[in-house]
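I have placed the structure first, in the form of structure tokens, so that the comments after it can refer back to it.
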Amino acid sequence: MVEHTFKELRALNVLSVQDVAEILGVSQKTIYRWENGETKPGKANLKVLQDRLDYKQKFEAPQRQHDFTFIDLFAGIGGIRKGFEASGGKCVFTSEWDEYAQKTYRANFQDSHEIVGDITKVDAQDIPAHDVLLAGFPCQPFSIAGVSKKNALGRAHGFMDKAQGTLFFDVLRILKHHRPAAFLLENVKNLRSHNKGDTFKTIMGALETELGYHVQARVIDGKGYVPQHRERIYIVGFRSDAGFDFNDLAFNDPTAGPVMRDILHSPDELPETLFTLPPEDPLSNRSSQVNRKYTLSDKLWKYLFDYAAKHKAKGNGFGYGLCGPDDKARTLSARYYKDGSEILIAQEGQNPRRLTPRECARLMGFDRPGREPMTIPVSDTRAYKQFGNSVVVPVIEELARYMKPYIKKVMSGENVEPVESPVAAE
């Protein structure tokens, strides 16, 4: 039998310092002394935690029909979930406030649990126990008003106090209550510089200093997996030091990989006679077709052309992004429905066109050859917003694959060999 330290036993039992102090009838300061090596816990204390762990492994582990469980916060249309399901994870809780995103999510995932709307109104204790927390959380400025007030009153404050009033605080309170083995957070690349770097400092401080997770962050470009330049920051944390090193992981070369011809409709996908559905008919998104409605009007194309020419004359880079079949696209944004200017597809003998929602599904990695196409049950406008706010699914799949052995290591305490990067091995 593997002998564990007191700190390891606490982590394997998914107990906070406060929890274990109450169970053993000692102060939290005593727990910290034991874990820092200042004093040693008695054998009786170690036995209490070892007995709890033995019971957990004997009676709970055999019930699992999956490798780990996770919760999906700020879920959008489920891009992060798809990546972790591919590595054997099971979703046990979902939260997403937008009703149209909920509609798309439900259409593509068959769940026994309901989708919770407003996570701020959910008590952490009402969320099922889970091994991994996933969240593409919104980035909001952190107010310093409360901190200033506490300073004036001579009261101490911490990173979690500073995060109050933001949706990130809900991630923190759920992590604090459940102490999952790991988490993955996703956000825009500029999170590092947001609010002069204070937002990122607050986030990392809360996760590391106050919650005690081993945390690393890295910006990854999805361009090596889909024909789109899309940089996002990913924050990975583990409840104990599992040996995970973000810098050791290799991801596909952004200069290689798919090009636009790999995701565009082929001319013979559907006959021209079927390109007659009205612009906002949801049925238009359930088939693969290039409707004439996606071609820019003369008026809009002239406006975009003139706008780009004006800024080019001033030495600015503003303007539309015109793509051919061998190109890679700019970043798809949630505003794509307005004019489609960031990604326009060149057409011989006529004005450029927007991507169809089905092509957006392919551009984000939701739809891929050999897999069942996702259902898009909403209008073009809603679909563009949803894909523009989502993640590159193959990147998440790669992250989940890398994280899985470390997740299992933290869950069980076993020595699990890390997954070798196929890119690094070449």
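Identifiers in the structure tokens: chain A, B, ... in order shown; residue index from 1 per chain; ligand index from 1 in order shown.
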
Next item on the list: With a distance cut-off of 10 Å and only C-alpha atoms, select the neighbouring residues of A:Ile407, excluding the residue or stretch itself and same-chain residues fewer than 5 positions from it, and output the selection as a VMD selection string.
Entry: chain A and resid 67 to 68 131 to 132 180 to 183 237 to 240 242 244 400 402 412 to 413 416

Margin query: Could you go through stretch 236-403 of chain A and tell me which residues DSSP, when run on the backbone, assigns to alpha helix (DSSP H), listing them as a PyMOL selection string?
Written below: chain A and resi 298-313+336-339+357-363+380-388+393-403

Would you put the residues from that selection into a file with C-alpha atoms, as a PDB file, in the first residue's frame?
```pdb
ATOM      1  CA  ASP A 298     -23.260  45.791 -53.800  1.00  0.00           C
ATOM      2  CA  LYS A 299     -23.913  48.481 -51.194  1.00  0.00           C
ATOM      3  CA  LEU A 300     -22.254  46.606 -48.299  1.00  0.00           C
ATOM      4  CA  TRP A 301     -19.299  45.457 -50.413  1.00  0.00           C
ATOM      5  CA  LYS A 302     -18.692  49.036 -51.636  1.00  0.00           C
ATOM      6  CA  TYR A 303     -18.849  50.322 -48.064  1.00  0.00           C
ATOM      7  CA  LEU A 304     -16.319  47.756 -46.808  1.00  0.00           C
ATOM      8  CA  PHE A 305     -14.041  48.297 -49.812  1.00  0.00           C
ATOM      9  CA  ASP A 306     -14.057  52.094 -49.416  1.00  0.00           C
ATOM     10  CA  TYR A 307     -13.614  51.852 -45.647  1.00  0.00           C
ATOM     11  CA  ALA A 308     -10.552  49.640 -46.031  1.00  0.00           C
ATOM     12  CA  ALA A 309      -9.091  51.912 -48.718  1.00  0.00           C
ATOM     13  CA  LYS A 310      -9.524  54.982 -46.520  1.00  0.00           C
ATOM     14  CA  HIS A 311      -7.693  53.413 -43.582  1.00  0.00           C
ATOM     15  CA  LYS A 312      -4.979  51.932 -45.784  1.00  0.00           C
ATOM     16  CA  ALA A 313      -4.252  55.447 -47.103  1.00  0.00           C
ATOM     17  CA  TYR A 336     -19.583  38.405 -37.380  1.00  0.00           C
ATOM     18  CA  TYR A 337     -23.333  38.627 -37.993  1.00  0.00           C
ATOM     19  CA  LYS A 338     -23.087  42.397 -38.558  1.00  0.00           C
ATOM     20  CA  ASP A 339     -21.189  42.435 -41.850  1.00  0.00           C
ATOM     21  CA  PRO A 357     -23.069  28.794 -39.971  1.00  0.00           C
ATOM     22  CA  ARG A 358     -22.100  25.258 -41.011  1.00  0.00           C
ATOM     23  CA  GLU A 359     -18.703  26.528 -42.179  1.00  0.00           C
ATOM     24  CA  CYS A 360     -18.332  28.317 -38.833  1.00  0.00           C
ATOM     25  CA  ALA A 361     -18.944  24.993 -37.097  1.00  0.00           C
ATOM     26  CA  ARG A 362     -16.115  23.526 -39.157  1.00  0.00           C
ATOM     27  CA  LEU A 363     -13.882  26.567 -38.597  1.00  0.00           C
ATOM     28  CA  ASP A 380     -27.845  32.745 -38.573  1.00  0.00           C
ATOM     29  CA  THR A 381     -27.427  35.740 -36.263  1.00  0.00           C
ATOM     30  CA  ARG A 382     -27.526  33.613 -33.113  1.00  0.00           C
ATOM     31  CA  ALA A 383     -25.285  30.947 -34.640  1.00  0.00           C
ATOM     32  CA  TYR A 384     -22.610  33.500 -35.591  1.00  0.00           C
ATOM     33  CA  LYS A 385     -22.623  34.914 -32.047  1.00  0.00           C
ATOM     34  CA  GLN A 386     -22.363  31.449 -30.516  1.00  0.00           C
ATOM     35  CA  PHE A 387     -19.482  30.247 -32.661  1.00  0.00           C
ATOM     36  CA  GLY A 388     -17.686  33.583 -32.297  1.00  0.00           C
ATOM     37  CA  VAL A 393     -12.576  22.175 -29.997  1.00  0.00           C
ATOM     38  CA  PRO A 394      -9.420  20.291 -31.168  1.00  0.00           C
ATOM     39  CA  VAL A 395      -7.282  22.515 -28.913  1.00  0.00           C
ATOM     40  CA  ILE A 396      -9.470  21.599 -25.940  1.00  0.00           C
ATOM     41  CA  GLU A 397      -9.249  17.917 -26.888  1.00  0.00           C
ATOM     42  CA  GLU A 398      -5.463  18.176 -26.883  1.00  0.00           C
ATOM     43  CA  LEU A 399      -5.452  19.950 -23.513  1.00  0.00           C
ATOM     44  CA  ALA A 400      -7.778  17.345 -22.011  1.00  0.00           C
ATOM     45  CA  ARG A 401      -5.610  14.529 -23.336  1.00  0.00           C
ATOM     46  CA  TYR A 402      -2.511  16.073 -21.776  1.00  0.00           C
ATOM     47  CA  MET A 403      -4.245  16.820 -18.479  1.00  0.00           C
TER      48      MET A 403
END
```

Item checked: Gap from atom CA of A:Thr104 to atom CA of A:His130 - Å, one decimal ->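 So the two atoms, atom CA of A:Thr104 and atom CA of A:His130, lie 24.0 Å apart.
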
Margin query: Could you check the closest approach to A:Asn187 for each of A:Ile174, A:Val219, A:Leu207, A:Ala107 and tell me which residue wins, using only C-alpha atoms?
Written below: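 Using only C-alpha atoms, the shortest distance to A:Asn187 belongs to A:Val219.
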
Checklist line | Between atom CA of A:Glu210 and atom CA of A:Tyr32 - distance in Å to one decimal | finding: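 Interatomic distance, atom CA of A:Tyr32 to atom CA of A:Glu210: 13.1 Å.
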
Check: Between A:Arg354, A:Lys7, A:Lys196, A:His229, which one has atoms that come closest to A:Gly37, using only C-alpha atoms?
Finding: A:Lys7

Next item on the list: Give the answer as one residue: which of A:Lys404, A:Ile77, A:Leu332, A:Gly340 has the shortest atom-to-atom distance to A:Val236, using only C-alpha atoms?
Entry: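 Checking each candidate against A:Val236, we get A:Lys404 as the closest.
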
Margin query: Can you pull out the residues contacting A:Tyr294? Cut-off 8 Å, using only C-alpha atoms, and skip same-chain residues under 3 positions away; I want them as a ChimeraX atom specification.
Written below: /A:290-291,353-356

Can I get the selection written as a PDB file, in the first residue's frame, with C-alpha atoms?
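See result.pdb below for the written result:
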```pdb
ATOM      1  CA  VAL A 290     -24.324  28.223 -49.701  1.00  0.00           C
ATOM      2  CA  ASN A 291     -27.460  30.312 -50.014  1.00  0.00           C
ATOM      3  CA  ARG A 353     -19.679  36.111 -49.267  1.00  0.00           C
ATOM      4  CA  ARG A 354     -19.878  35.404 -45.557  1.00  0.00           C
ATOM      5  CA  LEU A 355     -19.213  31.999 -44.103  1.00  0.00           C
ATOM      6  CA  THR A 356     -22.324  29.917 -43.547  1.00  0.00           C
TER       7      THR A 356
END
```

Notebook entry, point to check: Which distance in Å separates atom CA of A:Thr255 and atom CA of A:Arg230, to one decimal?
Noted result: 12.6 Å

Next item on the list: Write out as JSON, numbers by chain which residues come within 10 Å of A:Glu35 when counting only C-alpha atoms, dropping same-chain ones fewer than 4 positions away.
Entry: {"A": [5, 6, 7, 8, 10, 17, 29, 30, 31, 39, 40, 41]}

Item checked: strand (DSSP E) call set, DSSP backbone run, stretch 320-394 of chain A, as a list in words ->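 Selection result, strand (DSSP E) within stretch 320-394 of chain A: Leu322, Cys323, Leu344, Ile345, Ala346, Gln347, Gln350, Asn351, Pro352 and Arg353 of chain A.
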
Checklist line | Selection near A:Arg81, 10 Å with only C-alpha atoms, sequence-local residues under 6 positions removed, as a count of residues only | finding: 16

Checklist line | Top pick for closest residue to A:Lys328, considering A:Tyr406, A:Phe74, A:Phe251, A:Tyr225 and counting only C-alpha atoms | finding: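 Closest to A:Lys328, using only C-alpha atoms: A:Tyr225.
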